[in-house]
Every structure is written in C-alpha cells, then in structure tokens.
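Chemist: Before I ask anything, let me first share the structure, which is written out below as structure tokens.
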Amino acid sequence: MAQFLEQIINGLVLGGIYALIAVGYTMVYGIIQLINFAHGEIFMFGAYIALMLITVFGIPFWVALPLSMILCGMLGMLMDLVAYRPLRNAPRLSALITAIGMSLALQNLARMIWSARPRQFPSEVLPTIFLSQNAVSLPGGATLPYRDVFIILLALVLMVALNRLIYLTKIGKAMRACAQNPVAANLMGIRTNRVIAITFIIGSALGAVAGVMVGLREVVTPTMGYYKGVAAFAAAVLGGIGNITGAMLGGIIIGLAEVFGAGYISSGYRLAIAYIIMIAVIVIRPSGLFGRSTGHRA
Amino acid sequence: MRNWLVGLLIVGLVSICGCQPQDKSTSQTQRASRELKVAVAAPFTGNAAAFGEMIRRGAELRAKEINDAGGINGMKFTLVFEDDAGKDAEASLVAERIANNLQILAVVGHFNSSCSLAGKPIYQRAGIVELSPGSTNVTVCEGSDWTFRNLYRDDFQGKFIAQYIDKVLTGLQSVAVFFDNDDYGRGLRNAFVEEAEKIGLDLVASEAYDRDNTDFKAQLTSIKAKNPDAVFISGLYTEAGLIAKQAREAGITSQFFGADGVDSPDFLTIAGEAAEGTYLTTPFTFGAAGEDALQMAINFEDLHGVAPDTWAALTYDAVGMIADALEKTYNAEAAVADNRKAIRDHLASLDTPEEGYKGVTGLTYFDINGDTVNKPAYVKIVKDGQFVAADQQLLELD
C-alpha cells in the first residue's frame, strides 16, 4: 500500500511536469496547426537560463524563476518571428521541417554554450525548502520532498490560471477566435500575429517552469528536452492535440502510466508502456480524449 | 552564358580530380617525413563525456612523450580525435569515417561497449585495429580478428562483484540490481546475476532504466519495497549519481555498489552526499600501481593540471601499445592495408606473459579473441567525498 501511494506521487510529479510542457505543444498546434518540435528545447533553455542566472549572476531563485520564464517567453516569440512567421502561408510540411531544424539548432547551441556535461542547481543557493532532506515523511519510510509538493501545486496553479486566462480574458477570447478561424478573426479586427506571438510566449514560459523543476529534481543537460519533450508530446496527442484541458490530463495520464508501467509491469519498457496507452486511446478515439471530431482541423 | 559557366566548372573539376593521382605519386617520395596517424574514438560529448575527456588527456600525454623523444622512427606521431558521443549510431558513422581515411593506421577506442560493438564489423571489413581502453562487454572482441582490449571483461567483473559482496561484505545477504538497458549494463547484470545465484546471494529485484531518462523514482520505489541490503548499479556515472541521490530521497538505506562505469569523479559531484560509502570496482587504481604509473601521474598533472583517472591510464597504455607496434612494423614503402595488418599481427603475437606489453596498468597480453584476461579488479570506496582504495581487496576468485 505504501508503495502504491509512493508510485502515485511519483506519477503525479512527473505528470505535472509533462502537463506543463504539453500545454506548450497543444496551444501552438491549436492556433497554427504546427507541431513545434523545438518546444522541448525551450524547456531545456528554461533550465539553463535559470541555472545561469543563479550561479553566474547570483540572482536569488525566486527572482530567477520568473526571469527565466520571461526570457524563455522572449525566446519562444523570437523563434516564431524568425522561423515560423515567414512560413505562415507555406505548406504545413515546410513549417514542420523548420521546427525539427530549430530543435536541432537549439540543442547544439546549448551544447556549444554549456557543454554536454550534466549540471545541477547547487544546493547552497537554493531556497531551503528545495533541499531534498526537507520532506514530508510518508508511511513506509519514504519521504516526499517539499520540492515535489511544490511542483505538483505549481503545476496545478498554473494550469488553473491558464484555463481562466483562456476563458475569461479578452486575449483568451482572441486566442480561441484565432484557433477557430484565423482569417475570420483577422477580419473581426484581431491582430492574429500578435495573438500567435502571445501564445508562443505563454507556452514557452510554462515550458521554462517545467525545465527549472526538472533541473531541481534531476539534472540539466542539452538533451534533456528530448525525452521529456517526446513524452509531453504524447500527452498532448493523448488529450486531443489543440485542447488545453486535454493536454493537462494527458500529461497526468502519461506520467502515471510511465510510473506504473515501470513499477508494476516492466522497467525496461517504461516509456513504451506509456505510448501503448496513448496508441490505445487514439485507436478508440482518433481525435484524443478531448479532441474535436468535427474534422474542421487536422 | 550560364551553360558556358557550368561547362567551365566541370572542366575545372575534372582537371583538379585528374591531378589527384599525380599528387599521390609525388608524396610517395616524401613519405619518410610523413606523420603517422592513429585515431582515438571516444565519447567526447554526451553522458559519458567525463570519460572521454580523460581518454583524450591520457592519449595526448602519451603522444607528447613519444614525439618529445623523437617520434616513431623519426616520424611524427599524430592523434586524430573522433567523437562517438557514447551512442552506437554515432559510433558507426565515426567508424566508417576512420576506416575510409587511408592516413589512419589504427584506432584506440571505443569506450562504451555498445560503441565498440557498433564499430567492430566496420573495422573488421576495412582491416584496421580497434583497441579499446574501456569496453568490458563480454562479446566486444568475439568474432573479429581486429578487435582488442587492454582490460578485463564483464563476466569477470560481474563475478568479482558478486563474490566480493559474498566474501568481504558478509553482512549483505539480499541484493537488487538496477541496470542500464544497453550492452554494457545488461551484460554486466547477467554476469553478476549468474554468479550471485550460484553462490547463493538472495537476488530480490532486477530493474532496468533507459539512459535518456533522468527520473528513476518509479523503479526505485519498486526496489525499496523489496528492502535489499545492497543495490548494485550496473551503468555509467551520470545515471548512477542521480540514482544514488534519488534512492536516498526515496528512503532506500541500502549499501550501493557500482562497477567501472561509475569510476569517474563526476559521480561524486552528481551524487553529492549520497555517494558516501559506495563501493565500486575498477580495472586499475593508482593506489595499487608501480613506480612508472606514479611517474605517469606526475607527468599527467604537469601537462593537464588535474590528476589522471583509470581511463587516462588505460588509454595511455593503449596508445603506447599501438605506437610500439608501429615502431616495430611500420614500413613506409608498403601499402596502407599492409601497414594496418602488420599492427594487428603484432598485437596478436602478444599472447603470452613473456611477450606482453608492460605498461603503467600492468602487463597486457591477449588471448585468442583479443581479450585481456590476466588483469585483476580493484575495489574503491567513496570516503569523505573521495575515491579511496577499499580496506579489503579480493585478488583471487573461486
């Protein structure tokens, strides 16, 4: 029983991280039908930027985290501006291939700047609640670090905030309008390019938070965006790509599936089990759990 | 106009290509002053980059010493570094590139077993020696006349670890294995499990991990439920460091044991306090080495400013063996293929302790496969954030 409880928590932490990344994939897809493969790299840059701000510039963690979000938001916007905006009316495949190229370019850029050696957030500069010895004791001798509680709560808060932003604010309405029909939205006076830029900023900022969280729990490397990025992409597809609530739930499902697959079925096929679940869902519901099946968008 | 330009371009290209053979014939007369090139293929980037860095430094030191002493028969000895990133797909590309470069006479590498295995058929086809200073998977040298290594195999290492736990760390009865799901991690686990079952250690869990992932909590939670006395981590230092850290977080209080893949100072920095008390095996340790090894350590520190590790020493010897073979066999008049073959024949002839190469890591000689079977394993332990030789070594296996 204790083991089961621990696995649930492991799955929720991982799922929270996946959800934060998956939202970035799904928002961009919802609005310009582009699978932004470079999103995993934004996530990785989020971790490195926060790490640099803290270790090189000596900025406290609580300032570095929002600053990293802002800088990654800018990076996401810049990426849209230079790589995707010129291809807005080009065949979809061109943009897709550009995204893959962008991903490779950013990954190698990170390798050039920071080398391939894994880095960690030095424990002496972190707020004390993030140190792994500060933890809630669970029945059965395991500990749940406050850091992991923080990750779950932060993911939850950000997800709710995003949901409110999309459904209650003017910019949210503009986003939904653009997702429905960009041409009509433009005719109604919505500046689509600006809305798209804001979408990139929000998605990238959330990705940056996930990057910092993974950096705190695990380790920062130039390739960290790949594994987590692929899993988060699977989460977005599982939830119905383009649907934000779906991406959040998809993240949690993939996280739990991965952990339970590894814990109870076979650890050698950890991510494979998560994918099998994704495929099974897609077979039954081709548009994903929450996807629209109107066929209006691919 | 444009057609005319293209035509000119083609004529130009053809004439340049046409000149190539002539260049070659003129260079033949200058061969005496040519440099002798040997490739060093290792993971200079990626998860095993800390190993690659030491491999590079060890090779550089040996090459510098050779050239300072006048080169090989008056010719300059040059190293060509090729990065396989510790990935088998990357290693295949590197192997093709090396095999097709007719200036390269032999290869020191690869490090990761999966990379050595990926390169093996390519080097065999091309007829060029692959001398690994780090691959321990049992099958690395099997089935190819061109592959050698100057350290022990994992069947020995796995057996050694099981016996060490059984005989020396007698308080440990139940063990769990957590292994990297690649050639090295799996091969070593198999050898360990086989011996553990034979001598009656209680194997309570065997979990795999994927090297791209850095979250091990799910598997660790399963391992914890079995409450093993010891956890044997069969993998490389980056993951092993994270595993040690996350295991302590998950409430696992077991003794950790690692193998030579964990033998890097980066394990200590990644695991931090969680590394304390970890035992690991290594094919070589300066603590148990002779005079020449200590001299090599001093020279190494003079050149690079850091202390050498196991892999620097093994690479230093591997480069030395190739240089030695070149000195004895290289014929400037012969074709490249013949020179490559002469190196292989020379290495294959080192098949008895008397013929063996005396290096800083001890005597190296090969069996029929190209394996080194005489070298012992040493045990280190992490004490106060440093690797030190364990109090009790195990020099003879049953």
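Each chain in the structure tokens gets a letter, A, B and so on, in the order shown; residues start at 1 in every chain, and ligands are counted from 1 in the order they appear.
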Could you list the residues in chain B lying within 7 Å of chain A, using only C-alpha atoms, and format the result as a count of residues only?

Modeler: 21

Chemist: Can you list, as JSON, numbers by chain, every protein, DNA or RNA residue that comes within 10 Å of Phe178 (chain B) when you count only C-alpha atoms, leaving out same-chain residues fewer than 3 positions away?

Modeler: {"A": [267], "B": [175, 181, 185, 186, 189, 205, 206, 207, 208, 209, 216, 219, 220, 223, 231, 232, 233, 234, 235, 240, 243, 258]}

Chemist: Would you return as number ranges by chain the members of region 56-209 of chain A that DSSP assigns to strand (DSSP E) on this structure's backbone?

Modeler: A: 135-137, 143-145

Chemist: Write the residues of the selection above to a file with N, CA, C and O atoms, as a PDB file, in the first residue's frame.

Modeler:
```
ATOM      1  N   ALA A 135      11.467  17.300   3.845  1.00  0.00           N
ATOM      2  CA  ALA A 135      10.451  16.484   3.205  1.00  0.00           C
ATOM      3  C   ALA A 135       9.375  16.058   4.180  1.00  0.00           C
ATOM      4  O   ALA A 135       9.569  16.070   5.396  1.00  0.00           O
ATOM      5  N   VAL A 136       8.259  15.699   3.615  1.00  0.00           N
ATOM      6  CA  VAL A 136       7.184  15.124   4.403  1.00  0.00           C
ATOM      7  C   VAL A 136       7.484  13.634   4.521  1.00  0.00           C
ATOM      8  O   VAL A 136       7.820  13.011   3.525  1.00  0.00           O
ATOM      9  N   SER A 137       7.360  13.085   5.702  1.00  0.00           N
ATOM     10  CA  SER A 137       7.568  11.644   5.828  1.00  0.00           C
ATOM     11  C   SER A 137       6.294  10.910   5.445  1.00  0.00           C
ATOM     12  O   SER A 137       5.200  11.304   5.831  1.00  0.00           O
ATOM     13  N   THR A 143      10.179   9.475   1.742  1.00  0.00           N
ATOM     14  CA  THR A 143       9.971  10.879   2.023  1.00  0.00           C
ATOM     15  C   THR A 143       9.476  11.547   0.764  1.00  0.00           C
ATOM     16  O   THR A 143       9.846  11.181  -0.340  1.00  0.00           O
ATOM     17  N   LEU A 144       8.635  12.522   0.946  1.00  0.00           N
ATOM     18  CA  LEU A 144       8.163  13.305  -0.186  1.00  0.00           C
ATOM     19  C   LEU A 144       8.768  14.691  -0.017  1.00  0.00           C
ATOM     20  O   LEU A 144       8.332  15.453   0.844  1.00  0.00           O
ATOM     21  N   PRO A 145       9.789  15.021  -0.797  1.00  0.00           N
ATOM     22  CA  PRO A 145      10.419  16.324  -0.639  1.00  0.00           C
ATOM     23  C   PRO A 145       9.403  17.442  -0.879  1.00  0.00           C
ATOM     24  O   PRO A 145       8.527  17.316  -1.741  1.00  0.00           O
TER      25      PRO A 145
END
```

Chemist: If I take CA of Gly101 (chain A) and CA of Leu216 (chain A), how far is one from the other in Å, to one decimal?

Modeler: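 Atom-to-atom, CA of Gly101 (chain A) to CA of Leu216 (chain A), that is 28.3 Å.
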
Chemist: Run DSSP on the backbone and grab whatever in region 18-226 of chain B lands in helix (DSSP H, G or I); send it over as a ChimeraX atom specification.

Modeler: /B:18-29,31-33,49-68,88-100,113-126,154-167,183-199,217-226

Chemist: May I have the residues within 10 Å of Pro122 (chain A) as a list in words, using only C-alpha atoms and disregarding those fewer than 4 positions away in the same chain?

Modeler: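 My reading of the contact set: Leu51, Ile54, Thr55, Leu126, Leu131 and Leu216 of chain A.
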
Chemist: Take the residues that were just selected and, keeping N, CA and C atoms, output them as a PDB file, in the first residue's frame.

Modeler:
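Output (part.pdb):
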```pdb
ATOM      1  N   LEU A  51      19.583  28.374 -14.279  1.00  0.00           N
ATOM      2  CA  LEU A  51      20.844  27.923 -13.670  1.00  0.00           C
ATOM      3  C   LEU A  51      21.915  29.005 -13.797  1.00  0.00           C
ATOM      4  N   ILE A  54      21.273  32.038 -11.587  1.00  0.00           N
ATOM      5  CA  ILE A  54      21.567  31.778 -10.178  1.00  0.00           C
ATOM      6  C   ILE A  54      23.071  31.644  -9.938  1.00  0.00           C
ATOM      7  N   THR A  55      23.740  30.847 -10.781  1.00  0.00           N
ATOM      8  CA  THR A  55      25.142  30.567 -10.479  1.00  0.00           C
ATOM      9  C   THR A  55      26.086  31.660 -10.979  1.00  0.00           C
ATOM     10  N   LEU A 126      19.958  27.419  -3.280  1.00  0.00           N
ATOM     11  CA  LEU A 126      18.522  27.224  -3.420  1.00  0.00           C
ATOM     12  C   LEU A 126      17.809  27.561  -2.119  1.00  0.00           C
ATOM     13  N   LEU A 131      15.703  21.736  -0.708  1.00  0.00           N
ATOM     14  CA  LEU A 131      16.714  20.731  -0.392  1.00  0.00           C
ATOM     15  C   LEU A 131      16.014  19.408  -0.125  1.00  0.00           C
ATOM     16  N   LEU A 216      15.718  21.008 -10.831  1.00  0.00           N
ATOM     17  CA  LEU A 216      15.790  20.870  -9.374  1.00  0.00           C
ATOM     18  C   LEU A 216      15.761  19.408  -8.952  1.00  0.00           C
TER      19      LEU A 216
END
```

Chemist: Neighbours of Ile152 (chain A) within 10 Å (only C-alpha atoms; same-chain residues fewer than 3 positions away dropped), as a list in words?

Modeler: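 Non-adjacent residues within range: Ile9, Leu12, Val13, Leu14, Gly15, Gly16, Ile17, Tyr146, Arg147, Asp148, Val149, Ala155, Leu156 and Val157 of chain A.
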
Chemist: At a cut-off of 8 Å, using only C-alpha atoms, what residues contact region 82-87 of chain A? Leave out same-chain residues fewer than 6 positions from it and give the result as a PDB file with all heavy atoms, in the first residue's frame.

Modeler:
```
ATOM      1  N   SER A  94       6.615  22.358 -44.618  1.00  0.00           N
ATOM      2  CA  SER A  94       7.788  23.238 -44.530  1.00  0.00           C
ATOM      3  C   SER A  94       7.977  23.713 -43.105  1.00  0.00           C
ATOM      4  O   SER A  94       9.095  23.725 -42.574  1.00  0.00           O
ATOM      5  CB  SER A  94       7.617  24.458 -45.434  1.00  0.00           C
ATOM      6  OG  SER A  94       7.187  24.052 -46.687  1.00  0.00           O
ATOM      7  N   ALA A  95       6.872  24.108 -42.474  1.00  0.00           N
ATOM      8  CA  ALA A  95       6.964  24.605 -41.102  1.00  0.00           C
ATOM      9  C   ALA A  95       7.392  23.487 -40.163  1.00  0.00           C
ATOM     10  O   ALA A  95       8.193  23.694 -39.248  1.00  0.00           O
ATOM     11  CB  ALA A  95       5.629  25.181 -40.663  1.00  0.00           C
ATOM     12  N   THR A  98      11.016  22.937 -40.523  1.00  0.00           N
ATOM     13  CA  THR A  98      11.704  24.051 -39.874  1.00  0.00           C
ATOM     14  C   THR A  98      11.752  23.839 -38.367  1.00  0.00           C
ATOM     15  O   THR A  98      12.768  24.114 -37.716  1.00  0.00           O
ATOM     16  CB  THR A  98      10.978  25.368 -40.185  1.00  0.00           C
ATOM     17  OG1 THR A  98      10.835  25.473 -41.586  1.00  0.00           O
ATOM     18  CG2 THR A  98      11.744  26.553 -39.664  1.00  0.00           C
ATOM     19  N   ALA A  99      10.651  23.319 -37.815  1.00  0.00           N
ATOM     20  CA  ALA A  99      10.602  23.095 -36.368  1.00  0.00           C
ATOM     21  C   ALA A  99      11.635  22.065 -35.949  1.00  0.00           C
ATOM     22  O   ALA A  99      12.319  22.227 -34.940  1.00  0.00           O
ATOM     23  CB  ALA A  99       9.204  22.639 -35.963  1.00  0.00           C
ATOM     24  N   MET A 102      14.967  23.704 -36.086  1.00  0.00           N
ATOM     25  CA  MET A 102      15.078  24.623 -34.951  1.00  0.00           C
ATOM     26  C   MET A 102      15.485  23.849 -33.694  1.00  0.00           C
ATOM     27  O   MET A 102      16.329  24.294 -32.915  1.00  0.00           O
ATOM     28  CB  MET A 102      13.698  25.260 -34.746  1.00  0.00           C
ATOM     29  CG  MET A 102      13.708  26.579 -34.044  1.00  0.00           C
ATOM     30  SD  MET A 102      14.500  27.796 -35.066  1.00  0.00           S
ATOM     31  CE  MET A 102      15.124  28.846 -33.785  1.00  0.00           C
TER      32      MET A 102
END
```
